[in-house]
$ cat coords18.cif   # mmCIF, C-alpha atoms and all ligand atoms
data_work
#
loop_
_atom_site.label_atom_id
_atom_site.label_comp_id
_atom_site.auth_asym_id
_atom_site.auth_seq_id
_atom_site.Cartn_x
_atom_site.Cartn_y
_atom_site.Cartn_z
CA MET A 1 -14.94 -23.68 -17.73
CA SER A 2 -17.27 -21.17 -19.45
CA ALA A 3 -15.93 -18.03 -21.21
CA PRO A 4 -15.28 -15.01 -18.96
CA GLY A 5 -18.36 -12.89 -18.62
CA GLN A 6 -19.58 -9.62 -17.20
CA ALA A 7 -20.83 -9.30 -13.63
CA VAL A 8 -22.72 -6.66 -11.68
CA LEU A 9 -22.18 -6.29 -7.94
CA LEU A 10 -25.23 -4.66 -6.36
CA ILE A 11 -24.64 -3.54 -2.77
CA GLY A 12 -27.77 -3.34 -0.64
CA SER A 13 -26.11 -1.82 2.41
CA PRO A 14 -26.70 1.91 2.90
CA ARG A 15 -23.13 1.94 4.23
CA GLY A 16 -21.99 1.38 0.64
CA GLY A 17 -18.26 0.75 0.13
CA ARG A 18 -17.57 0.71 3.90
CA SER A 19 -19.99 -2.13 4.52
CA THR A 20 -19.47 -5.79 5.30
CA SER A 21 -21.70 -6.50 2.29
CA ALA A 22 -19.28 -4.65 0.01
CA GLN A 23 -16.35 -6.62 1.43
CA LEU A 24 -18.07 -9.95 0.84
CA GLY A 25 -19.13 -8.95 -2.67
CA GLU A 26 -15.69 -7.61 -3.59
CA VAL A 27 -14.03 -10.90 -2.64
CA LEU A 28 -16.43 -12.74 -4.97
CA VAL A 29 -15.79 -10.21 -7.73
CA ALA A 30 -12.00 -10.45 -7.26
CA GLY A 31 -12.31 -14.23 -7.74
CA LEU A 32 -14.21 -13.71 -10.99
CA LYS A 33 -11.74 -11.07 -12.23
CA LYS A 34 -8.87 -13.50 -11.69
CA ARG A 35 -10.56 -15.61 -14.34
CA GLY A 36 -10.87 -12.77 -16.80
CA TRP A 37 -14.35 -11.49 -15.88
CA THR A 38 -15.21 -7.81 -15.83
CA ALA A 39 -17.47 -6.29 -13.19
CA THR A 40 -19.06 -3.02 -12.14
CA THR A 41 -20.19 -2.14 -8.62
CA HIS A 42 -23.40 -0.26 -7.78
CA VAL A 43 -24.82 0.85 -4.44
CA ALA A 44 -28.63 0.59 -4.27
CA ARG A 45 -29.00 3.68 -2.08
CA THR A 46 -27.02 5.83 -4.58
CA ALA A 47 -28.69 4.33 -7.65
CA ILE A 48 -32.23 5.17 -6.52
CA ALA A 49 -31.25 8.70 -5.46
CA ASN A 50 -29.50 9.76 -8.63
CA THR A 51 -30.58 9.53 -12.28
CA SER A 52 -27.14 8.98 -13.80
CA SER A 53 -26.25 6.26 -11.24
CA TRP A 54 -29.57 4.60 -11.99
CA SER A 55 -28.91 4.64 -15.74
CA GLU A 56 -25.51 3.03 -15.15
CA LEU A 57 -27.06 0.28 -13.05
CA GLU A 58 -29.87 -0.24 -15.55
CA ARG A 59 -27.42 -0.60 -18.45
CA ALA A 60 -25.03 -2.85 -16.52
CA ALA A 61 -27.85 -5.08 -15.25
CA ALA A 62 -29.22 -5.49 -18.78
CA ALA A 63 -25.80 -6.54 -20.14
CA ALA A 64 -24.54 -8.70 -17.24
CA GLU A 65 -24.37 -12.44 -17.31
CA LEU A 66 -24.31 -12.56 -13.53
CA VAL A 67 -25.77 -10.25 -10.89
CA ILE A 68 -24.37 -10.55 -7.36
CA VAL A 69 -26.55 -8.98 -4.68
CA ALA A 70 -24.58 -8.33 -1.48
CA THR A 71 -26.65 -7.01 1.38
CA PRO A 72 -27.13 -6.88 5.13
CA LEU A 73 -30.18 -8.31 6.84
CA TYR A 74 -32.51 -5.46 7.85
CA VAL A 75 -35.53 -6.35 9.99
CA ASP A 76 -35.43 -9.97 8.76
CA SER A 77 -35.54 -8.77 5.19
CA LEU A 78 -33.67 -6.48 2.78
CA PRO A 79 -32.86 -2.79 3.34
CA ALA A 80 -35.50 -0.49 1.80
CA PRO A 81 -33.21 0.95 -0.93
CA LEU A 82 -32.52 -2.56 -2.22
CA ILE A 83 -36.24 -3.41 -2.30
CA GLU A 84 -36.84 -0.20 -4.23
CA THR A 85 -34.07 -1.19 -6.68
CA PHE A 86 -35.75 -4.60 -7.12
CA GLU A 87 -39.15 -2.94 -7.66
CA ARG A 88 -37.72 -0.67 -10.34
CA LEU A 89 -35.71 -3.37 -12.12
CA HIS A 90 -38.74 -5.65 -12.10
CA ALA A 91 -40.93 -2.93 -13.64
CA LEU A 92 -38.34 -2.37 -16.39
CA ARG A 93 -37.85 -6.03 -17.16
CA ARG A 94 -41.56 -6.65 -17.49
CA THR A 95 -41.46 -4.59 -20.66
CA ALA A 96 -37.92 -5.29 -21.94
CA THR A 97 -36.46 -8.71 -21.18
CA PRO A 98 -32.71 -8.87 -22.00
CA PRO A 99 -31.86 -11.23 -24.87
CA GLN A 100 -29.28 -13.38 -23.04
CA ALA A 101 -29.78 -15.77 -20.13
CA GLN A 102 -28.87 -14.08 -16.84
CA ARG A 103 -28.03 -15.49 -13.44
CA LEU A 104 -28.45 -13.96 -10.01
CA ILE A 105 -27.01 -14.89 -6.62
CA ALA A 106 -27.23 -13.17 -3.25
CA VAL A 107 -24.98 -12.99 -0.21
CA VAL A 108 -26.69 -11.77 2.94
CA ASN A 109 -24.96 -11.02 6.25
CA SER A 110 -26.66 -10.54 9.59
CA GLY A 111 -25.74 -8.89 12.87
CA PHE A 112 -27.12 -11.89 14.74
CA PRO A 113 -24.74 -14.83 14.93
CA GLU A 114 -26.97 -17.51 13.34
CA ALA A 115 -26.54 -17.59 9.54
CA SER A 116 -29.99 -19.20 9.21
CA GLN A 117 -31.60 -15.89 10.24
CA ASN A 118 -30.84 -14.72 6.68
CA ASP A 119 -33.03 -17.37 5.05
CA THR A 120 -36.13 -15.18 4.60
CA ALA A 121 -34.10 -12.41 2.98
CA LEU A 122 -32.60 -14.97 0.61
CA ALA A 123 -36.09 -16.27 -0.20
CA ILE A 124 -37.11 -12.70 -1.10
CA CYS A 125 -34.08 -12.36 -3.42
CA ARG A 126 -35.06 -15.63 -5.03
CA CYS A 127 -38.65 -14.45 -5.59
CA PHE A 128 -37.28 -11.26 -7.17
CA ALA A 129 -35.00 -13.31 -9.47
CA ARG A 130 -37.91 -15.42 -10.65
CA ARG A 131 -40.25 -12.45 -11.20
CA ALA A 132 -37.58 -10.43 -13.00
CA GLY A 133 -36.41 -13.25 -15.28
CA PHE A 134 -33.05 -14.12 -13.69
CA HIS A 135 -31.97 -17.69 -13.13
CA TRP A 136 -31.43 -18.18 -9.39
CA ASP A 137 -27.96 -19.63 -8.85
CA GLY A 138 -28.13 -19.80 -5.07
CA GLY A 139 -27.84 -17.80 -1.88
CA LEU A 140 -25.03 -17.42 0.63
CA ALA A 141 -25.68 -16.52 4.25
CA LEU A 142 -23.22 -15.30 6.86
CA GLY A 143 -23.97 -14.73 10.54
CA MET A 144 -21.81 -12.60 12.88
CA GLY A 145 -21.50 -9.88 10.23
CA GLY A 146 -20.43 -7.44 12.94
CA ALA A 147 -17.19 -9.44 13.34
CA LEU A 148 -16.18 -8.41 9.81
CA SER A 149 -17.11 -4.74 10.14
CA GLY A 150 -13.93 -2.74 9.53
CA HIS A 151 -11.82 -5.92 9.13
CA ALA A 152 -10.48 -6.90 5.73
CA ILE A 153 -11.33 -10.44 4.64
CA THR A 154 -7.95 -12.10 4.16
CA GLU A 155 -6.67 -15.62 3.68
CA HIS A 156 -4.92 -15.46 7.05
CA GLY A 157 -6.17 -14.98 10.58
CA ARG A 158 -9.75 -15.32 11.73
CA THR A 159 -11.32 -14.45 8.38
CA HIS A 160 -9.48 -17.20 6.46
CA ALA A 161 -12.48 -19.55 6.40
CA VAL A 162 -14.74 -16.76 5.07
CA ALA A 163 -12.20 -16.00 2.34
CA ALA A 164 -11.89 -19.69 1.42
CA ALA A 165 -15.67 -20.13 1.18
CA LEU A 166 -16.00 -17.03 -1.04
CA HIS A 167 -13.13 -18.15 -3.30
CA ARG A 168 -14.82 -21.50 -3.71
CA ALA A 169 -18.12 -19.80 -4.56
CA ALA A 170 -16.38 -17.52 -7.10
CA ASP A 171 -14.77 -20.55 -8.77
CA GLU A 172 -18.16 -22.23 -9.10
CA LEU A 173 -19.77 -19.10 -10.56
CA ALA A 174 -16.89 -18.56 -13.01
CA ALA A 175 -17.31 -22.15 -14.16
CA GLY A 176 -20.90 -21.32 -15.06
CA GLY A 177 -22.46 -23.41 -12.32
CA PRO A 178 -24.74 -22.61 -9.41
CA LEU A 179 -23.40 -22.32 -5.86
CA SER A 180 -22.78 -25.72 -4.30
CA ALA A 181 -24.15 -26.82 -0.95
CA GLY A 182 -20.51 -27.11 0.17
CA ALA A 183 -19.74 -23.43 -0.50
CA ILE A 184 -23.01 -22.34 1.16
CA GLN A 185 -22.30 -24.43 4.26
CA ALA A 186 -18.70 -23.22 4.43
CA LEU A 187 -19.73 -19.55 4.56
CA ALA A 188 -22.48 -20.23 7.10
CA ARG A 189 -20.03 -21.83 9.54
CA PRO A 190 -19.74 -19.60 12.66
CA MET A 191 -16.49 -17.63 12.92
CA MET A 192 -16.46 -18.08 16.72
CA PRO A 193 -18.73 -19.45 19.48
CA VAL A 194 -22.05 -17.61 19.72
CA TRP A 195 -21.47 -16.60 23.36
CA LEU A 196 -18.13 -15.00 22.44
CA TYR A 197 -19.61 -13.06 19.52
CA ARG A 198 -22.42 -11.76 21.74
CA LEU A 199 -19.98 -10.74 24.44
CA ILE A 200 -17.70 -8.90 21.98
CA ALA A 201 -20.68 -7.18 20.32
CA GLU A 202 -22.14 -5.97 23.63
CA VAL A 203 -18.77 -4.73 24.91
CA SER A 204 -18.17 -2.95 21.56
CA PHE A 205 -21.58 -1.24 21.85
CA ARG A 206 -20.74 -0.01 25.36
CA ILE A 207 -17.33 1.30 24.29
CA ALA A 208 -18.79 3.07 21.23
CA ALA A 209 -21.55 4.65 23.36
CA TRP A 210 -19.03 5.77 25.99
CA ARG A 211 -16.94 7.42 23.24
CA TYR A 212 -20.04 9.37 22.14
CA GLY A 213 -20.53 10.43 25.76
CA THR A 214 -23.81 8.50 25.96
CA ARG A 215 -24.72 7.43 29.48
CA HIS A 216 -28.17 5.84 29.46
CA LEU A 217 -28.42 3.22 26.71
CA GLY A 218 -31.75 1.98 28.06
CA ALA A 219 -33.55 5.35 27.72
CA ARG A 220 -37.30 5.20 26.90
CA PRO A 221 -37.98 8.53 25.23
CA TYR A 222 -41.45 7.62 23.93
CA ALA A 223 -42.75 5.68 26.93
CA ARG A 224 -46.45 6.13 27.71
CA GLU A 225 -47.32 7.68 31.03
CA ASP A 226 -48.72 4.36 32.28
CA ASP A 227 -45.45 2.51 31.47
CA MET B 1 -57.16 -1.29 22.01
CA LYS B 2 -55.39 1.59 20.27
CA ILE B 3 -54.34 0.13 16.91
CA LEU B 4 -51.89 1.78 14.55
CA LEU B 5 -52.39 0.83 10.90
CA ILE B 6 -49.29 1.54 8.81
CA ASP B 7 -50.30 1.84 5.16
CA GLY B 8 -47.27 1.05 2.99
CA CYS B 9 -49.09 0.83 -0.36
CA ALA B 10 -47.54 3.08 -3.03
CA VAL B 11 -51.02 3.45 -4.58
CA GLU B 12 -54.10 3.98 -2.41
CA GLN B 13 -55.96 0.68 -1.84
CA PRO B 14 -59.57 0.19 -0.69
CA ALA B 15 -58.20 -2.47 1.71
CA ALA B 16 -56.90 0.35 3.95
CA ALA B 17 -60.48 1.37 4.78
CA TRP B 18 -61.61 -2.27 5.16
CA LEU B 19 -58.76 -2.92 7.58
CA ALA B 20 -59.84 0.05 9.71
CA GLU B 21 -63.47 -1.18 9.58
CA ALA B 22 -62.41 -4.70 10.65
CA CYS B 23 -60.70 -3.17 13.68
CA ARG B 24 -63.75 -1.06 14.56
CA GLU B 25 -65.96 -4.17 14.27
CA ARG B 26 -63.89 -5.56 17.15
CA GLY B 27 -64.37 -2.41 19.21
CA TRP B 28 -60.78 -1.22 18.73
CA SER B 29 -59.76 2.36 17.86
CA PRO B 30 -57.66 2.36 14.68
CA THR B 31 -55.50 5.23 13.44
CA THR B 32 -54.09 4.98 9.93
CA LEU B 33 -50.64 6.32 9.08
CA ASN B 34 -50.48 6.80 5.33
CA LEU B 35 -46.79 6.52 4.45
CA ARG B 36 -47.40 8.08 1.02
CA ALA B 37 -48.00 11.37 2.77
CA LEU B 38 -44.97 11.25 5.07
CA THR B 39 -41.33 12.14 4.54
CA ILE B 40 -39.15 9.30 5.74
CA ALA B 41 -35.50 8.98 4.74
CA SER B 42 -33.83 5.57 4.50
CA CYS B 43 -31.95 4.27 7.53
CA THR B 44 -28.23 4.91 7.05
CA GLY B 45 -27.16 1.96 9.24
CA CYS B 46 -25.26 4.23 11.67
CA PHE B 47 -26.71 2.74 14.92
CA GLY B 48 -26.91 6.28 16.34
CA CYS B 49 -30.39 5.33 17.61
CA TRP B 50 -28.74 2.83 19.98
CA LEU B 51 -25.47 4.52 20.83
CA ARG B 52 -25.74 8.33 20.41
CA THR B 53 -29.37 9.21 21.15
CA PRO B 54 -30.74 5.94 22.60
CA GLY B 55 -34.30 5.28 21.47
CA ILE B 56 -34.43 8.16 18.95
CA CYS B 57 -33.26 8.04 15.33
CA VAL B 58 -30.64 10.71 14.58
CA THR B 59 -32.55 11.65 11.39
CA ASP B 60 -35.22 14.18 12.29
CA ASP B 61 -38.16 13.52 9.96
CA ASP B 62 -41.55 11.74 10.03
CA GLY B 63 -39.78 8.45 10.80
CA ARG B 64 -39.55 9.60 14.43
CA GLU B 65 -43.30 10.21 14.59
CA VAL B 66 -44.02 6.72 13.20
CA LEU B 67 -41.88 5.19 15.93
CA LYS B 68 -43.47 7.32 18.66
CA GLN B 69 -47.01 6.41 17.60
CA LEU B 70 -46.04 2.76 17.30
CA VAL B 71 -44.52 2.59 20.78
CA GLN B 72 -47.60 4.27 22.25
CA SER B 73 -50.13 1.95 20.61
CA ASP B 74 -51.53 -1.39 21.82
CA GLY B 75 -51.23 -3.06 18.42
CA VAL B 76 -49.65 -2.40 15.04
CA ILE B 77 -50.88 -3.77 11.72
CA LEU B 78 -48.87 -3.32 8.54
CA LEU B 79 -50.60 -2.99 5.18
CA THR B 80 -48.51 -3.76 2.11
CA PRO B 81 -48.58 -5.19 -1.36
CA VAL B 82 -46.73 -8.52 -1.11
CA THR B 83 -43.50 -7.61 -2.89
CA PHE B 84 -41.32 -10.59 -3.86
CA GLY B 85 -42.71 -12.27 -0.74
CA GLY B 86 -41.86 -9.31 1.49
CA TYR B 87 -42.87 -5.73 2.22
CA SER B 88 -43.00 -2.83 -0.24
CA ALA B 89 -40.03 -0.45 -0.32
CA LEU B 90 -42.31 2.32 1.01
CA LEU B 91 -43.27 0.28 4.08
CA LYS B 92 -39.74 -1.04 4.57
CA ARG B 93 -38.32 2.48 4.66
CA ALA B 94 -40.45 3.15 7.75
CA LEU B 95 -39.73 -0.26 9.30
CA ASP B 96 -35.95 0.11 8.95
CA ARG B 97 -36.34 3.22 11.09
CA ILE B 98 -38.07 1.50 14.04
CA ILE B 99 -35.04 -0.36 15.43
CA PRO B 100 -34.67 2.27 18.21
CA MET B 101 -37.70 0.44 19.66
CA ILE B 102 -35.41 -2.39 20.73
CA SER B 103 -32.31 -2.47 22.91
CA PRO B 104 -28.87 -3.15 21.43
CA PHE B 105 -28.40 -5.92 23.99
CA PHE B 106 -29.18 -9.54 23.29
CA SER B 107 -31.61 -12.11 24.58
CA THR B 108 -32.36 -15.66 23.50
CA VAL B 109 -35.75 -16.47 21.94
CA ASN B 110 -36.50 -20.02 20.73
CA GLY B 111 -32.80 -20.87 20.99
CA GLU B 112 -31.81 -17.99 18.67
CA THR B 113 -30.23 -14.63 19.32
CA HIS B 114 -32.60 -11.63 19.32
CA HIS B 115 -32.58 -8.24 20.99
CA ARG B 116 -33.99 -7.27 24.35
CA LEU B 117 -36.92 -4.89 24.31
CA ARG B 118 -36.44 -1.23 25.19
CA TYR B 119 -39.98 -0.67 26.50
CA THR B 120 -41.79 -2.72 29.12
CA ARG B 121 -45.02 -2.76 27.11
CA GLN B 122 -44.79 -4.00 23.53
CA PRO B 123 -47.69 -3.50 21.07
CA ARG B 124 -49.20 -6.57 19.39
CA PHE B 125 -47.99 -7.12 15.84
CA GLY B 126 -49.74 -8.12 12.63
CA ALA B 127 -49.85 -7.60 8.88
CA LEU B 128 -52.25 -7.61 5.96
CA GLY B 129 -50.56 -8.54 2.68
CA LEU B 130 -52.21 -7.81 -0.67
CA MET B 131 -51.30 -10.36 -3.35
CA GLY B 132 -51.22 -9.52 -7.06
CA ASP B 133 -51.77 -13.19 -7.95
CA ASP B 134 -51.90 -16.57 -6.19
CA ASP B 135 -48.16 -17.23 -5.98
CA ALA B 136 -47.81 -19.85 -3.23
CA VAL B 137 -44.06 -19.30 -2.74
CA GLU B 138 -44.48 -15.57 -2.17
CA ALA B 139 -47.43 -16.17 0.17
CA GLN B 140 -45.34 -18.58 2.26
CA THR B 141 -42.34 -16.23 2.26
CA PHE B 142 -44.59 -13.40 3.49
CA ARG B 143 -45.99 -15.52 6.33
CA THR B 144 -42.47 -16.53 7.33
CA LEU B 145 -41.30 -12.92 7.27
CA VAL B 146 -44.14 -11.80 9.57
CA ALA B 147 -43.37 -14.72 11.90
CA ARG B 148 -39.66 -13.80 11.93
CA ASN B 149 -40.47 -10.15 12.69
CA ALA B 150 -42.77 -11.31 15.47
CA LEU B 151 -39.85 -13.12 17.15
CA ASN B 152 -37.84 -9.89 17.19
CA TRP B 153 -40.92 -8.07 18.44
CA HIS B 154 -41.36 -10.69 21.23
CA GLU B 155 -44.90 -11.21 19.86
CA PRO B 156 -46.00 -14.78 20.47
CA ARG B 157 -49.00 -14.76 18.10
CA PRO B 158 -48.87 -12.29 15.21
CA ALA B 159 -52.06 -11.73 13.19
CA VAL B 160 -51.25 -12.35 9.55
CA ALA B 161 -53.78 -12.08 6.75
CA LEU B 162 -53.21 -12.52 3.02
CA VAL B 163 -55.79 -11.60 0.40
CA ARG B 164 -55.81 -10.89 -3.30
CA ALA B 165 -55.64 -7.14 -3.92
CA ASP B 166 -58.83 -7.52 -6.00
CA ALA B 167 -60.75 -9.41 -3.30
CA GLY B 168 -63.75 -7.36 -2.24
CA ALA B 169 -64.59 -5.80 1.10
CA THR B 170 -66.47 -8.83 2.47
CA ALA B 171 -63.71 -11.35 1.73
CA THR B 172 -60.98 -9.04 3.04
CA ARG B 173 -62.81 -8.30 6.29
CA ALA B 174 -63.64 -11.98 6.83
CA THR B 175 -59.97 -12.96 6.29
CA LEU B 176 -58.90 -10.30 8.78
CA GLN B 177 -61.41 -11.43 11.43
CA ALA B 178 -60.22 -15.02 11.02
CA ALA B 179 -56.58 -13.87 11.41
CA PHE B 180 -57.47 -11.92 14.59
CA ASP B 181 -59.27 -15.01 15.97
CA ILE B 182 -56.36 -17.33 15.19
CA ALA B 183 -53.93 -14.90 16.83
CA GLY B 184 -56.24 -14.58 19.83
CA TRP B 185 -56.46 -10.77 19.61
CA LYS B 186 -59.25 -9.57 21.88
C1 LIG A 301 -32.19 -1.03 10.44
C2 LIG A 301 -31.40 -2.26 10.75
C3 LIG A 301 -32.04 -3.47 10.88
C4 LIG A 301 -31.33 -4.63 11.16
N1 LIG A 301 -32.01 -5.81 11.29
C5 LIG A 301 -31.33 -6.95 11.56
C6 LIG A 301 -32.03 -8.19 11.71
O1 LIG A 301 -33.25 -8.27 11.58
N2 LIG A 301 -31.29 -9.29 12.01
C7 LIG A 301 -29.93 -9.25 12.14
O2 LIG A 301 -29.32 -10.28 12.40
N3 LIG A 301 -29.24 -8.08 11.99
C8 LIG A 301 -29.91 -6.95 11.70
N4 LIG A 301 -29.23 -5.76 11.55
C9 LIG A 301 -27.75 -5.76 11.67
C10 LIG A 301 -27.04 -5.83 10.33
O3 LIG A 301 -27.52 -6.87 9.53
C11 LIG A 301 -25.54 -6.02 10.57
O4 LIG A 301 -25.04 -4.94 11.33
C12 LIG A 301 -24.75 -6.22 9.31
O5 LIG A 301 -23.49 -6.78 9.61
C13 LIG A 301 -24.52 -4.89 8.56
O6 LIG A 301 -23.87 -5.18 7.34
P1 LIG A 301 -23.37 -4.04 6.33
O7 LIG A 301 -22.07 -3.52 6.88
O8 LIG A 301 -23.20 -4.77 5.05
O9 LIG A 301 -24.42 -2.99 6.28
C14 LIG A 301 -29.91 -4.59 11.29
C15 LIG A 301 -29.26 -3.36 11.18
C16 LIG A 301 -29.98 -2.20 10.92
C17 LIG A 301 -29.24 -0.89 10.80
#
$ encode --input "coords18.cif" --output "C-alpha cells"
Amino acid sequence: MSAPGQAVLLIGSPRGGRSTSAQLGEVLVAGLKKRGWTATTHVARTAIANTSSWSELERAAAAAELVIVATPLYVDSLPAPLIETFERLHALRRTATPPQAQRLIAVVNSGFPEASQNDTALAICRCFARRAGFHWDGGLALGMGGALSGHAITEHGRTHAVAAALHRAADELAAGGPLSAGAIQALARPMMPVWLYRLIAEVSFRIAAWRYGTRHLGARPYAREDD
Amino acid sequence: MKILLIDGCAVEQPAAAWLAEACRERGWSPTTLNLRALTIASCTGCFGCWLRTPGICVTDDDGREVLKQLVQSDGVILLTPVTFGGYSALLKRALDRIIPMISPFFSTVNGETHHRLRYTRQPRFGALGLMGDDDAVEAQTFRTLVARNALNWHEPRPAVALVRADAGATATRATLQAAFDIAGWK
C-alpha cells in the first residue's frame, strides 16, 4: 500500500454539490480518506466564474497526487464549464509542469441507461490527461444516473452495488494502482432493467411537469411555418 | 439549403470564411453565428427547457437565438478547434443549451436509448474540426463524438471534416467537399 496522498475532486456538474457526480465523487473520496488521504473538492462552474475559487483549484491541482474528475454526460461529451477548466489547466501546465508524478481518473454518469454511452466523454478526459501531463489511471462509467439523483449512495438497498464498486475503486487508487477492469465493470452494471428505468424516468418527468403546471410537453415554439 | 455555421473558435480563424465558401460552392445559403460575439450562459442542468417552458431554455440570453436559428435551418455545421478530441468550451456552452430541441421522452436508435425529436423536421448535422497537430487519438475521438451526436440528432449521415488549423484554403475546401460527398449532402 502506498503512503496516503492528497486528492482533488473536480466536479463537472453545474449542479455542484447536489449532483449525482458529486455523490459518486464523494464516495470515492470517503474511501481514500479512510486510508489517511486528504482531499479538497472544487466545482468547475464556480472555479471558472470566480478568481479566488480558481486560485484554490490551481494550487490544489498542482499539489495533488490524484485528480478525480466526476461529471455528468452532456451532449455525449463534458459540460462546458469542465471543458473550460481543462483548457485553462492545460494552458497553465504547458508552462509549469508540477514536479511530482500525478494521476487522473474520471467518473462519468449519464441520463441514458447504457453506461457505454459515456465512453466518448471518458476518451476526452483521457486526451486531456495526456496533454496536461497526468497519468491516466482509468475511467468509470455509470448509466441510469437519474436513478441516483436525490438518493444517497449507501451500502444497503438498491444503491449497494454502486457503493461496492466505488469502494473497490477507492481501494485500488489508495494502493497506488490504476482502476481494475473488475471495478469498471462493476460500476457499469445496470441498476435495474432498461425498460423499468425508462418507465420511471418518463413518469417522473410527467409528474415534475404537472407540478410546475406545465400542460404541453411537446410544444414546438420555434417551428417553421412549413412544419 | 439554409445552412447555419456555428463558429466556436475562441480566436478568429480563416477556416470560418472557407467553410462558408464551400457551402456557397454547393449552392447553399450559409449564415455564420460567431459565438465570440454572443452572450451565452452555461446550462445549469435544471431541465426547465423540458418541464417548465417546453422547448425554450429558462435562461433568456443569446442561447435562445442560437436554438431558434438552428431549428429553422436545413443544416447545421459546427466549427471548432479540436479540444482534447472534443469541442471547444465556447462551442460547448452553446451546444449544452440546445437540448430543448429534443423531447424528454425516449426512443430506441441502433439498440440504444436516445430521445425523441421535438420537431418534425430536423436539420442535417456536421462539423469541421481544426487540429493543432496530427494526433490520431484526438482525431478519432472527434469523429466518434460527431457520430454520437448524430445519433441523438437522428442524423443518419453526418458530414465530418478534420483539417490542420494551418492547412490553407484549397485543402480545407477540398476536405469539406469530400465530407459533403461522403455524407450525401445535396
Ligand atoms: C445539457 C444536458 C445534456 C445532456 N446530455 C446527455 C447525453 O448526451 N446523454 C445522456 O445519457 N445524458 C445526458 N444528459 C443527462 C445527464 O447526464 C444526467 O441527468 C446526469 O445524471 C446528471 O448528472 P449530475 O447530477 O451529476 O449533473 C444531459 C443533461 C443536460 C442538462
$ residues_near_ligand --input "coords18.cif" --ligand "ligand LIG 301 (chain A)" --cutoff "9 Å" --atoms "only C-alpha atoms and all ligand atoms" --output "PyMOL selection string"
(chain A and resi 11-24+70-79+108-115+117-118+142-150) or (chain B and resi 43-47+95-100+113-114+148-149+152)
$ closest_residue --input "coords18.cif" --among "B:Ser107, B:Ser88, B:Thr83, B:Ser42" --to "Ile6 in chain B" --atoms "only C-alpha atoms"
B:Ser88
$ interface_residues --input "coords18.cif" --of "chain B" --to "chain A" --cutoff "7 Å" --atoms "only C-alpha atoms" --output "ChimeraX atom specification"
/B:42,44-45,50-52,54-55,68,71-72,84-86,89,92-93,96,103,105,113,118-121,138,141,145,148-149
$ atom_distance --input "coords18.cif" --atom1 "CA of Asn110 in chain B" --atom2 "CA of Ile56 in chain B"
28.3 Å
$ closest_residue --input "coords18.cif" --among "A:Ala39, A:Leu66, A:Val8, A:Leu28" --to "Arg168 in chain A" --atoms "all atoms listed in the file"
A:Leu28
$ axis_aligned_box --input "coords18.cif" --around "range 118-130 of chain A" --padding-each-side "3 Å" --output "lines of an AutoDock Vina configuration file"
center_x = -34.7
center_y = -14.3
center_z = -2.0
size_x = 13.8
size_y = 12.1
size_z = 23.3
$ atom_distance --input "coords18.cif" --atom1 "CA of Arg59 in chain A" --atom2 "CA of Thr97 in chain A"
12.4 Å
$ closest_residue --input "coords18.cif" --among "B:Pro104, B:Leu5, B:Thr80, B:Ala165" --to "Ala22 in chain B" --atoms "only C-alpha atoms"
B:Leu5
$ atom_distance --input "coords18.cif" --atom1 "CA of Val146 in chain B" --atom2 "CA of Phe125 in chain B"
8.7 Å
$ closest_atom_pairs --input "coords18.cif" --of "range 68-159 of chain A" --to "range 29-32 of chain A" --cutoff "12 Å" --atoms "only C-alpha atoms" --output "CSV"
residue,atom,partner,partner_atom,distance
A:Ile68,CA,A:Val29,CA,8.6
A:Val69,CA,A:Val29,CA,11.3
A:Ala70,CA,A:Val29,CA,10.9
A:Ile153,CA,A:Ala30,CA,11.9
$ residues_near_point --input "coords18.cif" --point "(-45.8, 5.6, 12.1)" --cutoff "10 Å" --atoms "all atoms listed in the file" --output "MDAnalysis selection string"
chainID B and resid 4:7 31:35 38 40 62:71 76 91 94:95 97:98
$ residues_around --input "coords18.cif" --residues "Ala161 in chain B" --least-positions-apart "2" --cutoff "6 Å" --atoms "all atoms listed in the file" --output "JSON, numbers by chain"
{"B": [128, 176, 179]}
$ residues_around --input "coords18.cif" --residues "Ala16 in chain B" --least-positions-apart "2" --cutoff "9 Å" --atoms "all atoms listed in the file" --output "PyMOL selection string"
chain B and resi 5+7+9+12-14+18-21+32+79
